[in-house]
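Novice: Coordinates in coords-v8.txt, compact mmCIF, C-alpha atoms, are listed below.
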```
# COMPACT_ATOMS: atom_id res chain seq x y z
CA MET A 178 -23.58 -24.79 5.03
CA ALA A 179 -24.09 -21.98 2.53
CA VAL A 180 -22.27 -18.66 2.95
CA ARG A 181 -24.74 -15.94 3.99
CA LEU A 182 -24.07 -12.99 1.70
CA PHE A 183 -25.05 -9.30 1.84
CA ILE A 184 -24.65 -7.37 -1.43
CA LEU A 185 -24.17 -3.59 -1.44
CA VAL A 186 -23.57 -1.94 -4.84
CA GLN A 187 -24.51 1.35 -6.44
CA GLU A 188 -26.69 0.21 -9.37
CA ARG A 189 -30.06 -1.45 -8.87
CA VAL A 190 -29.83 -3.60 -12.01
CA PHE A 191 -26.38 -4.82 -10.97
CA ALA A 192 -27.57 -5.57 -7.42
CA ASP A 193 -30.56 -7.54 -8.67
CA ALA A 194 -28.55 -9.46 -11.27
CA LEU A 195 -25.85 -10.39 -8.76
CA ALA A 196 -28.43 -11.48 -6.20
CA ILE A 197 -30.21 -13.74 -8.68
CA ARG A 198 -27.04 -15.36 -10.03
CA LEU A 199 -25.31 -15.83 -6.67
CA ASP A 200 -28.41 -17.03 -4.83
CA ALA A 201 -28.75 -19.79 -7.43
CA GLU A 202 -25.43 -21.23 -6.24
CA PRO A 203 -25.68 -24.03 -3.65
CA ASP A 204 -22.79 -22.58 -1.63
CA VAL A 205 -24.23 -19.05 -1.36
CA ASP A 206 -27.34 -17.72 0.36
CA VAL A 207 -28.04 -14.05 -0.52
CA VAL A 208 -29.56 -12.50 2.61
CA ALA A 209 -30.00 -9.01 1.14
CA ALA A 210 -29.05 -6.90 -1.89
CA LEU A 211 -29.03 -3.10 -1.62
CA TYR A 212 -28.09 -0.36 -4.05
CA THR A 213 -26.89 3.06 -2.95
CA ASN A 214 -24.46 5.87 -3.81
CA ALA A 215 -23.84 6.86 -0.19
CA PRO A 216 -23.14 5.04 3.08
CA PRO A 217 -26.42 3.85 4.58
CA PRO A 218 -27.17 5.53 7.94
CA GLN A 219 -27.37 2.08 9.53
CA LEU A 220 -26.25 -1.14 7.89
CA ARG A 221 -27.67 -4.21 9.59
CA THR A 222 -25.44 -7.18 8.85
CA GLY A 223 -26.23 -9.44 11.79
CA GLY A 224 -26.02 -13.10 10.87
CA VAL A 225 -24.15 -12.32 7.63
CA ASP A 226 -20.88 -14.08 6.79
CA VAL A 227 -19.69 -11.92 3.87
CA LEU A 228 -20.42 -8.38 2.68
CA LEU A 229 -19.89 -7.91 -1.06
CA LEU A 230 -19.15 -4.21 -1.37
CA ASP A 231 -18.97 -2.06 -4.50
CA GLY A 232 -15.48 -0.56 -4.55
CA ASP A 233 -16.55 1.99 -7.18
CA LEU A 234 -18.89 3.90 -4.88
CA PRO A 235 -18.24 7.68 -5.07
CA GLY A 236 -15.20 9.10 -3.29
CA ASP A 237 -13.95 7.07 -0.35
CA THR A 238 -17.38 5.63 0.51
CA ALA A 239 -16.25 2.02 0.13
CA PHE A 240 -13.18 2.53 2.33
CA ARG A 241 -15.24 4.25 5.04
CA LEU A 242 -17.71 1.37 5.00
CA CYS A 243 -14.83 -1.12 5.33
CA GLU A 244 -13.53 0.76 8.34
CA ALA A 245 -17.00 0.89 9.91
CA MET A 246 -17.40 -2.85 9.41
CA SER A 247 -13.99 -3.65 10.91
CA ARG A 248 -14.93 -1.78 14.09
CA SER A 249 -18.20 -3.68 14.51
CA HIS A 250 -18.37 -6.75 16.74
CA GLY A 251 -19.22 -9.88 14.76
CA ALA A 252 -18.99 -7.98 11.47
CA PRO A 253 -18.96 -9.94 8.19
CA HIS A 254 -15.86 -10.41 6.07
CA VAL A 255 -15.71 -7.69 3.41
CA VAL A 256 -15.05 -8.46 -0.26
CA VAL A 257 -14.62 -5.44 -2.54
CA LEU A 258 -15.90 -5.70 -6.10
CA SER A 259 -14.42 -3.11 -8.45
CA TYR A 260 -13.53 -2.29 -12.05
CA SER A 261 -10.09 -1.31 -10.77
CA ALA A 262 -7.15 -3.56 -9.91
CA ASP A 263 -4.94 -0.69 -8.77
CA PRO A 264 -2.59 -1.99 -6.04
CA GLY A 265 -2.86 1.28 -4.11
CA ARG A 266 -6.64 1.01 -3.88
CA ILE A 267 -6.43 -2.66 -2.93
CA VAL A 268 -3.95 -1.86 -0.16
CA ARG A 269 -6.17 0.96 1.11
CA ALA A 270 -9.14 -1.43 1.25
CA VAL A 271 -7.14 -4.10 3.06
CA ARG A 272 -5.91 -1.57 5.61
CA ALA A 273 -9.54 -0.50 6.10
CA GLY A 274 -10.50 -4.08 6.89
CA ALA A 275 -11.36 -5.78 3.58
CA VAL A 276 -10.13 -9.35 3.14
CA GLY A 277 -10.97 -9.85 -0.52
CA TRP A 278 -10.88 -7.94 -3.80
CA VAL A 279 -12.41 -9.08 -7.08
CA CYS A 280 -12.43 -7.24 -10.39
CA LYS A 281 -15.82 -6.87 -12.05
CA SER A 282 -14.31 -8.29 -15.23
CA GLU A 283 -13.57 -11.63 -13.55
CA SER A 284 -15.79 -14.69 -13.88
CA LEU A 285 -18.69 -15.60 -11.63
CA ASP A 286 -16.77 -18.73 -10.60
CA ARG A 287 -13.86 -16.59 -9.40
CA LEU A 288 -16.24 -14.37 -7.41
CA ILE A 289 -17.85 -17.41 -5.77
CA ASP A 290 -14.42 -18.86 -4.94
CA VAL A 291 -13.42 -15.60 -3.23
CA ILE A 292 -16.71 -15.33 -1.31
CA CYS A 293 -16.36 -18.90 -0.04
CA GLY A 294 -12.64 -18.40 0.63
CA VAL A 295 -13.02 -15.35 2.85
CA ALA A 296 -15.84 -17.12 4.70
CA ARG A 297 -13.14 -19.67 5.63
CA ASN A 298 -10.98 -16.80 6.95
CA GLU A 299 -8.77 -16.65 3.85
CA THR A 300 -7.49 -13.44 2.26
CA CYS A 301 -8.17 -13.35 -1.48
CA LEU A 302 -6.43 -10.78 -3.70
CA PRO A 303 -6.19 -10.53 -7.50
CA PRO A 304 -3.44 -13.02 -8.45
CA GLY A 305 -1.75 -10.62 -10.86
CA GLN A 306 -1.47 -7.92 -8.18
CA THR A 307 -0.55 -10.05 -5.17
CA GLY A 308 3.19 -9.30 -5.28
CA GLN A 309 2.84 -5.51 -5.52
CA VAL A 310 0.07 -5.42 -2.92
CA LEU A 311 2.15 -7.44 -0.46
CA ARG A 312 5.16 -5.19 -0.99
CA LEU A 313 3.07 -2.10 -0.28
CA LEU A 314 1.43 -3.69 2.75
CA LEU A 315 4.69 -4.97 4.24
CA GLY A 316 6.44 -1.70 3.52
CA GLY A 317 3.89 0.26 5.53
CA PRO A 318 2.19 3.57 4.66
CA ASP A 319 5.29 5.71 5.18
CA ARG A 320 8.06 3.37 4.01
CA GLU A 321 9.40 2.09 0.75
CA PRO A 322 7.86 -1.19 -0.49
CA VAL A 323 9.63 -4.30 0.77
CA SER A 324 12.09 -5.75 -1.74
CA ASP A 325 12.41 -9.33 -2.96
CA ALA A 326 15.61 -9.69 -0.93
CA GLN A 327 13.86 -8.63 2.28
CA LEU A 328 11.04 -11.07 1.65
CA LEU A 329 13.47 -13.92 1.01
CA SER A 330 15.48 -13.07 4.13
CA SER A 331 12.51 -14.17 6.24
CA LEU A 332 12.86 -17.74 4.95
CA THR A 333 15.04 -20.48 6.41
CA ASP A 334 17.76 -22.06 4.25
CA ARG A 335 15.64 -25.16 3.61
CA GLU A 336 12.57 -23.07 2.72
CA ARG A 337 14.69 -21.13 0.23
CA GLU A 338 15.96 -24.36 -1.29
CA VAL A 339 12.40 -25.57 -1.82
CA LEU A 340 11.47 -22.23 -3.39
CA VAL A 341 14.53 -22.27 -5.68
CA CYS A 342 13.63 -25.79 -6.89
CA LEU A 343 10.13 -24.62 -7.74
CA ALA A 344 11.52 -21.56 -9.54
CA GLN A 345 13.68 -23.90 -11.64
CA GLY A 346 10.55 -25.66 -12.79
CA THR A 347 11.03 -28.77 -10.66
CA ARG A 348 7.76 -30.56 -10.12
CA ARG A 349 6.60 -30.58 -6.54
CA CYS A 350 6.67 -34.37 -6.47
CA ASP A 351 10.37 -34.32 -7.50
CA VAL A 352 11.53 -31.67 -5.00
CA ALA A 353 11.71 -34.22 -2.17
CA GLN A 354 14.05 -36.49 -4.11
CA GLN A 355 16.24 -33.61 -5.29
CA LEU A 356 16.64 -32.18 -1.77
CA ARG A 357 16.69 -35.60 -0.08
CA MET A 358 13.68 -34.83 2.07
CA SER A 359 10.47 -36.68 2.71
CA PRO A 360 7.40 -35.43 0.81
CA ASN A 361 5.83 -34.43 4.13
CA THR A 362 8.86 -32.30 5.02
CA VAL A 363 8.73 -30.55 1.64
CA ARG A 364 5.02 -29.94 2.15
CA THR A 365 5.70 -28.43 5.58
CA HIS A 366 8.46 -26.14 4.25
CA LEU A 367 6.19 -25.06 1.41
CA GLN A 368 3.32 -24.24 3.77
CA ASN A 369 5.66 -22.30 6.06
CA LEU A 370 7.23 -20.23 3.29
CA MET A 371 3.83 -19.42 1.76
CA GLY A 372 2.68 -18.25 5.18
CA LYS A 373 5.74 -16.02 5.60
CA LEU A 374 5.29 -14.52 2.13
CA GLY A 375 1.56 -14.11 2.60
CA VAL A 376 0.54 -16.08 -0.49
CA HIS A 377 -1.79 -19.02 -1.09
CA SER A 378 0.09 -21.02 -3.72
CA ALA A 379 3.58 -22.02 -4.81
CA ILE A 380 3.07 -20.13 -8.07
CA GLU A 381 2.40 -16.89 -6.18
CA ALA A 382 5.45 -17.50 -3.97
CA VAL A 383 7.71 -17.83 -7.01
CA ALA A 384 6.12 -14.84 -8.76
CA LEU A 385 6.48 -12.66 -5.67
CA THR A 386 10.22 -13.33 -5.33
CA ARG A 387 11.03 -13.92 -9.01
CA THR A 388 13.67 -11.18 -9.47
CA GLN A 389 15.74 -12.20 -6.47
CA LEU A 390 15.36 -15.90 -7.28
CA ASP A 391 16.59 -15.31 -10.83
CA ASP A 392 19.71 -13.60 -9.43
CA GLU A 393 20.31 -16.49 -7.06
CA LEU A 394 19.87 -19.08 -9.82
CA SER A 395 22.34 -17.16 -12.02
CA ARG A 396 24.93 -17.20 -9.23
CA ARG A 397 24.47 -20.94 -8.72
CA ARG A 398 24.92 -21.64 -12.41
CA ALA A 399 28.06 -19.50 -12.48
CA VAL A 400 29.55 -21.42 -9.53
CA SER A 401 28.72 -24.82 -11.01
```
Translate this structure into structure tokens?

Specialist:
Amino acid sequence: MAVRLFILVQERVFADALAIRLDAEPDVDVVAALYTNAPPPQLRTGGVDVLLLDGDLPGDTAFRLCEAMSRSHGAPHVVVLSYSADPGRIVRAVRAGAVGWVCKSESLDRLIDVICGVARNETCLPPGQTGQVLRLLLGGPDREPVSDAQLLSSLTDREREVLVCLAQGTRRCDVAQQLRMSPNTVRTHLQNLMGKLGVHSAIEAVALTRTQLDDELSRRRAVS
């Protein structure tokens, strides 16, 4: 079933172009496409799965719309589309209720992947900003960002071992043999640690904890 999409951006040409290109995709059904520079007095999104929202609307318009959506019963998932990839703005959008952020410079395929992903209740952030965004989110608005060490402390010993193997460049299919586990057990540990770190792939997990993992690998080499 196609994802029912509502587009809200500030330029008419952009709104029309997005609607035409996205509606041509078999997995997306564009229900409406509006252009505005200010929050609409009443935004009817009944029956919509995803709201694609222009994050470059003047002032804090986009964030206020996110907050309004998050308070509405049966509201669509909000994906912010912006020229910016600033972690602070992404965090502000997520705290306001957005579950996806896509840069306007990214490909149409990436945008479609995010739209379909959030429709499946996934959270989709720019891969290059995931680590910093997670640190800011986990640290809270009034606290210092969470460190690599604090993130790693949430993992069990076996989960850390799996992550260290991946950081060493061990192929996923070889981790089971190296740690003397079954492939299913490795898969379970990997899923659990990705859930704890708030990432969607092993690559993101390694990138998020890279500094601390490098220190740990150095200590292991020194001991051996």

Novice: So, counting all atoms listed in the file, which residue among A:Leu234, A:Leu374, A:Met358, A:Cys350 is closest to Val310 of chain A?

Specialist: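 Of A:Leu234, A:Leu374, A:Met358, A:Cys350, the one nearest Val310 of chain A is A:Leu374, counting all atoms listed in the file.
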
Novice: Taking (-14.7, -14.8, 7.1) as a centre in this file's frame and 10 Å as the limit, can you find every polymer residue with an atom that close, using all atoms listed in the file, and give them as a ChimeraX atom specification?

Specialist: /A:180,225-228,252-256,276-277,292-300

Novice: To one decimal place in Å, what is the distance between atom CA of Ile380 of chain A and atom CA of Cys342 of chain A?

Specialist: 12.0 Å

Novice: If you count only C-alpha atoms, which residues fall within 8 Å of segment 264-269 of chain A, apart from same-chain ones fewer than 3 positions away, as a PyMOL selection string?

Specialist: chain A and resi 240+272-273+278+306+309-310+313-314

Novice: Could you tell me which of A:Arg248, A:Arg349, A:Arg337, A:Arg181 comes closest to Ala196 of chain A if we count only C-alpha atoms?

Specialist: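 With only C-alpha atoms as the atom set, the closest residue is A:Arg181.
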
Novice: Looking at A:Ile197, A:Leu229, A:Val279, A:Val363, which one is nearest to Leu182 of chain A, with distances taken over all atoms listed in the file?

Specialist: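 Selected residue with least distance to Leu182 of chain A: A:Leu229.
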
Novice: How far is it from atom CA of Val190 of chain A to atom CA of Ala239 of chain A, in Å with one decimal?

Specialist: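 Those two atoms sit 19.1 Å apart.
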
Novice: Determine the nearest neighbour of Gln368 of chain A from the options A:Ala382, A:Leu199, A:Leu230, A:Ile184, counting only C-alpha atoms.

Specialist: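 Under the stated criterion, the closest residue is A:Ala382.
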
Novice: Lys281 of chain A: which residues within 12 Å, counting all atoms listed in the file, same-chain residues fewer than 6 positions away excluded, as a count of residues only?

Specialist: 18

Novice: Env of Asn214 of chain A: 9 Å cut, atoms = all atoms listed in the file, seq-sep filter 3 positions within chain, self excluded. Answer as a ChimeraX atom specification.

Specialist: /A:186-188,217,234-235,238

Novice: So how far away is atom CA of Pro304 of chain A from atom CA of Ala384 of chain A, in Å?

Specialist: 9.7 Å

Novice: Would you mind telling me which residue in A:Ala245, A:Leu302, A:Ala209, A:Leu367 lies nearest to Val339 of chain A when using all atoms listed in the file?

Specialist: A:Leu367

Novice: Between A:Leu211, A:Ala353, A:Ile289, A:Val205, single out the one closest to Arg189 of chain A, counting all atoms listed in the file.

Specialist: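 Looking at the shortest contact to Arg189 of chain A, the residue is A:Leu211.
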